[in-house]
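Single-structure report; data block below.
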2 protein chains.
Amino acid sequence: MILGKNFSNLKVILVEPIGPLNVGSVARLCSNFEVDELRIVSPKCDIFSLEAKKMALKGQKFLKQCKVFDDLQKAIFDCDLVLASCGRIDVNKDSFFVSSEDIFNWTLSFKKINNLAIIFGREDSGLTYDELLLANKTFNIPTSINNPSLNLSHAVSIALYELKKSSKRNFDQELKVFNLASSKQIYDSFLEIEELLLRVGYLLKHTSRAKIDKFKNYILRANTSMHEINVLRGIVHQINWYLNNTKRN
Amino acid sequence: MILGKNFSNLKVILVEPIGPLNVGSVARLCSNFEVDELRIVSPKCDIFSLEAKKMALKGQKFLKQCKVFDDLQKAIFDCDLVLASCGRIDVNKDSFFVSSEDIFNWTLSFKKINNLAIIFGREDSGLTYDELLLANKTFNIPTSINNPSLNLSHAVSIALYELKKSSKRNFDQELKVFNLASSKQIYDSFLEIEELLLRVGYLLKHTSRAKIDKFKNYILRANTSMHEINVLRGIVHQINWYLNNTKRN
């Protein structure tokens, strides 16, 4: 299940899809993002065709178990929160109509939702005004003004991604497993680096500080690991060893 | 143009795509999200086929104007910040490897990026380890553990969506004044560093690759500026000069 503790079930609902490739792609996405059920209202293509199956790959079970309805009202009968995707930006400028990011954060404000539905309209004309009215909220994915129309499966991918992200925010972020070098290790290795750079004449005694500080800043910014600082020191030791075994002309 | 004031140009780069439908879909997305250029490395399908054009719709100009390269190194020659998409979560657990949301917020910390590239790998196997090393940062789109593999165009749609969102955000944060070194500058300096490390015996010819790769990974992660890469090169030149004026015992 994709969702955080305030959700139980997620249904993706397609209304009158025309393209079997799109339906198959959406089935794959249902698997990628752990959707619970795919529902389709009056499909305008063969949703069990080879084309659809080819695109679905590991998501084929969503095609097999897909529930088909003859109108949207019936498809959302058991859903307590309904969100609708809308590509047209001319529909409604009020709070009914918000950006994809805001809407999924907003779903987190509910303590308990049993069935959350996300509805996506026809490839060519989207959802009708009456269909949009069945939703609690309508969201829009911000795109180019010149070519705002996303492919159906791309709209689904972005919505599911955004939903997964917002549902994850409920949990503590996983800490990165990363062994940072300590300040002391970095300090010590810089003493050695400075010594070498003075030795080979890259730094001059009276101006070395300013130069080495820039370099230090750079190393600190890289979040250097213990292993990496040891690599740096290994290089310095090796150059010193080599120099100790050579004579100046 | 999709990007905020800190970006000039966005390139989407596909490496060896197999499916013309995917290439066409990505071209449509380039138009939806106002990408500046589509680049393809060694396409494994006919990117000008009818299938590709049908999926591209209004994005067909991205197919027509697409630049084709024979290796990834060449495709990023003019890019000063390179991000790579990686579906495998086993690659690297350090800060080189971050979530899609974090990475695009992170791009905002740069004052000026001339050419930002986002690289996407093959449908079946993604990017190789060597290809990932060419990127400054690698990002992962969080999906189901049971079926993490997204369709190529879905990965592109989510990345472009996230980038558009983050570029829209008006951060109060002070922007870093930061001129990033280009991929080519970093690549060239690594040739010199490797040569020096071989010379002083830190690297051995047959094992140098693995060692230098770790170091390269580290330098890329540090978001090296032009000034800093020049400092690194200055050090290498100086050590070489010093060595040229000494004799081995």
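As shown in the structure tokens, the chain order sets the letters A, B, ...; within each chain, residues go from 1, and ligands are also counted from 1 in the order they appear.
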
Show me, as a PDB file with N, CA, C and O atoms, in the first residue's frame, the residues that have an atom within 10 Å of Lys61 (chain A) when counting only C-alpha atoms, minus same-chain residues fewer than 6 positions from it.
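In the end it all went to selection_9.pdb:
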ATOM      1  N   ALA A  27      -1.724   0.721 -15.623  1.00  0.00           N
ATOM      2  CA  ALA A  27      -1.664  -0.509 -14.825  1.00  0.00           C
ATOM      3  C   ALA A  27      -0.253  -0.716 -14.272  1.00  0.00           C
ATOM      4  O   ALA A  27      -0.064  -1.065 -13.102  1.00  0.00           O
ATOM      5  N   ARG A  28       0.750  -0.456 -15.122  1.00  0.00           N
ATOM      6  CA  ARG A  28       2.136  -0.577 -14.652  1.00  0.00           C
ATOM      7  C   ARG A  28       2.409   0.395 -13.503  1.00  0.00           C
ATOM      8  O   ARG A  28       3.030   0.052 -12.498  1.00  0.00           O
ATOM      9  N   CYS A  30       0.239   1.575 -11.429  1.00  0.00           N
ATOM     10  CA  CYS A  30      -0.462   1.111 -10.220  1.00  0.00           C
ATOM     11  C   CYS A  30       0.430   0.164  -9.430  1.00  0.00           C
ATOM     12  O   CYS A  30       0.450   0.182  -8.197  1.00  0.00           O
ATOM     13  N   SER A  31       1.185  -0.656 -10.158  1.00  0.00           N
ATOM     14  CA  SER A  31       2.112  -1.567  -9.509  1.00  0.00           C
ATOM     15  C   SER A  31       3.324  -0.812  -8.963  1.00  0.00           C
ATOM     16  O   SER A  31       3.771  -1.051  -7.841  1.00  0.00           O
ATOM     17  N   GLU A  37      -6.366  -0.545  -6.345  1.00  0.00           N
ATOM     18  CA  GLU A  37      -7.318  -1.009  -7.356  1.00  0.00           C
ATOM     19  C   GLU A  37      -7.383  -0.039  -8.524  1.00  0.00           C
ATOM     20  O   GLU A  37      -7.344   1.179  -8.341  1.00  0.00           O
ATOM     21  N   LEU A  38      -7.505  -0.601  -9.735  1.00  0.00           N
ATOM     22  CA  LEU A  38      -7.747   0.205 -10.925  1.00  0.00           C
ATOM     23  C   LEU A  38      -9.212   0.037 -11.312  1.00  0.00           C
ATOM     24  O   LEU A  38      -9.722  -1.084 -11.383  1.00  0.00           O
ATOM     25  N   LYS A  53      -1.511  -5.134 -22.347  1.00  0.00           N
ATOM     26  CA  LYS A  53      -0.724  -6.052 -21.519  1.00  0.00           C
ATOM     27  C   LYS A  53       0.777  -5.798 -21.662  1.00  0.00           C
ATOM     28  O   LYS A  53       1.535  -5.869 -20.702  1.00  0.00           O
TER      29      LYS A  53
END

Residue neighbourhood Cys45 (chain B), 7 Å, only C-alpha atoms, exclusion window fewer than 2 positions, as a list in words: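 Listed by chain and then number, they are Pro17, Ile18, Gly19, Pro20, Pro43 and Ile47 of chain B.
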
Would you write out those residues with N, CA, C and O atoms, as an mmCIF file, in the first residue's frame?
data_model
loop_
_atom_site.group_PDB
_atom_site.id
_atom_site.type_symbol
_atom_site.label_atom_id
_atom_site.label_comp_id
_atom_site.auth_asym_id
_atom_site.auth_seq_id
_atom_site.Cartn_x
_atom_site.Cartn_y
_atom_site.Cartn_z
ATOM 1 N N PRO B 17 18.111 4.566 -25.971
ATOM 2 C CA PRO B 17 16.720 4.137 -25.827
ATOM 3 C C PRO B 17 16.361 3.068 -26.859
ATOM 4 O O PRO B 17 16.830 3.118 -28.002
ATOM 5 N N ILE B 18 15.538 2.105 -26.448
ATOM 6 C CA ILE B 18 15.156 0.975 -27.302
ATOM 7 C C ILE B 18 13.795 1.223 -27.959
ATOM 8 O O ILE B 18 13.540 0.771 -29.064
ATOM 9 N N GLY B 19 12.894 1.923 -27.251
ATOM 10 C CA GLY B 19 11.509 2.019 -27.706
ATOM 11 C C GLY B 19 11.179 3.351 -28.367
ATOM 12 O O GLY B 19 11.317 4.403 -27.749
ATOM 13 N N PRO B 20 10.726 3.318 -29.623
ATOM 14 C CA PRO B 20 10.344 4.569 -30.299
ATOM 15 C C PRO B 20 9.158 5.257 -29.602
ATOM 16 O O PRO B 20 9.073 6.494 -29.606
ATOM 17 N N PRO B 43 21.006 5.941 -30.193
ATOM 18 C CA PRO B 43 19.656 5.372 -30.125
ATOM 19 C C PRO B 43 19.621 3.949 -30.688
ATOM 20 O O PRO B 43 20.284 3.653 -31.677
ATOM 21 N N ILE B 47 14.352 6.869 -34.152
ATOM 22 C CA ILE B 47 13.750 7.961 -33.379
ATOM 23 C C ILE B 47 12.897 8.878 -34.252
ATOM 24 O O ILE B 47 12.200 9.746 -33.743
#

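Using only C-alpha atoms, the smallest distance between any of B:Leu127, B:Val82, B:Val98, B:Ala52 and chain A comes from B:Val98.
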
Residues of region 44-163 of chain A in strand (DSSP E), written as a PyMOL selection string: chain A and resi 67-69+81-85+97-99+113-120+137-140

Sel. of helix (DSSP H, G or I) residues, region 112-182 of chain B, as a PyMOL selection string: chain B and resi 129-132+152-168

Point-to-point distance from CA of Gln60 (chain A) to CA of Ser25 (chain A), Å rounded to tenths: 9.8 Å
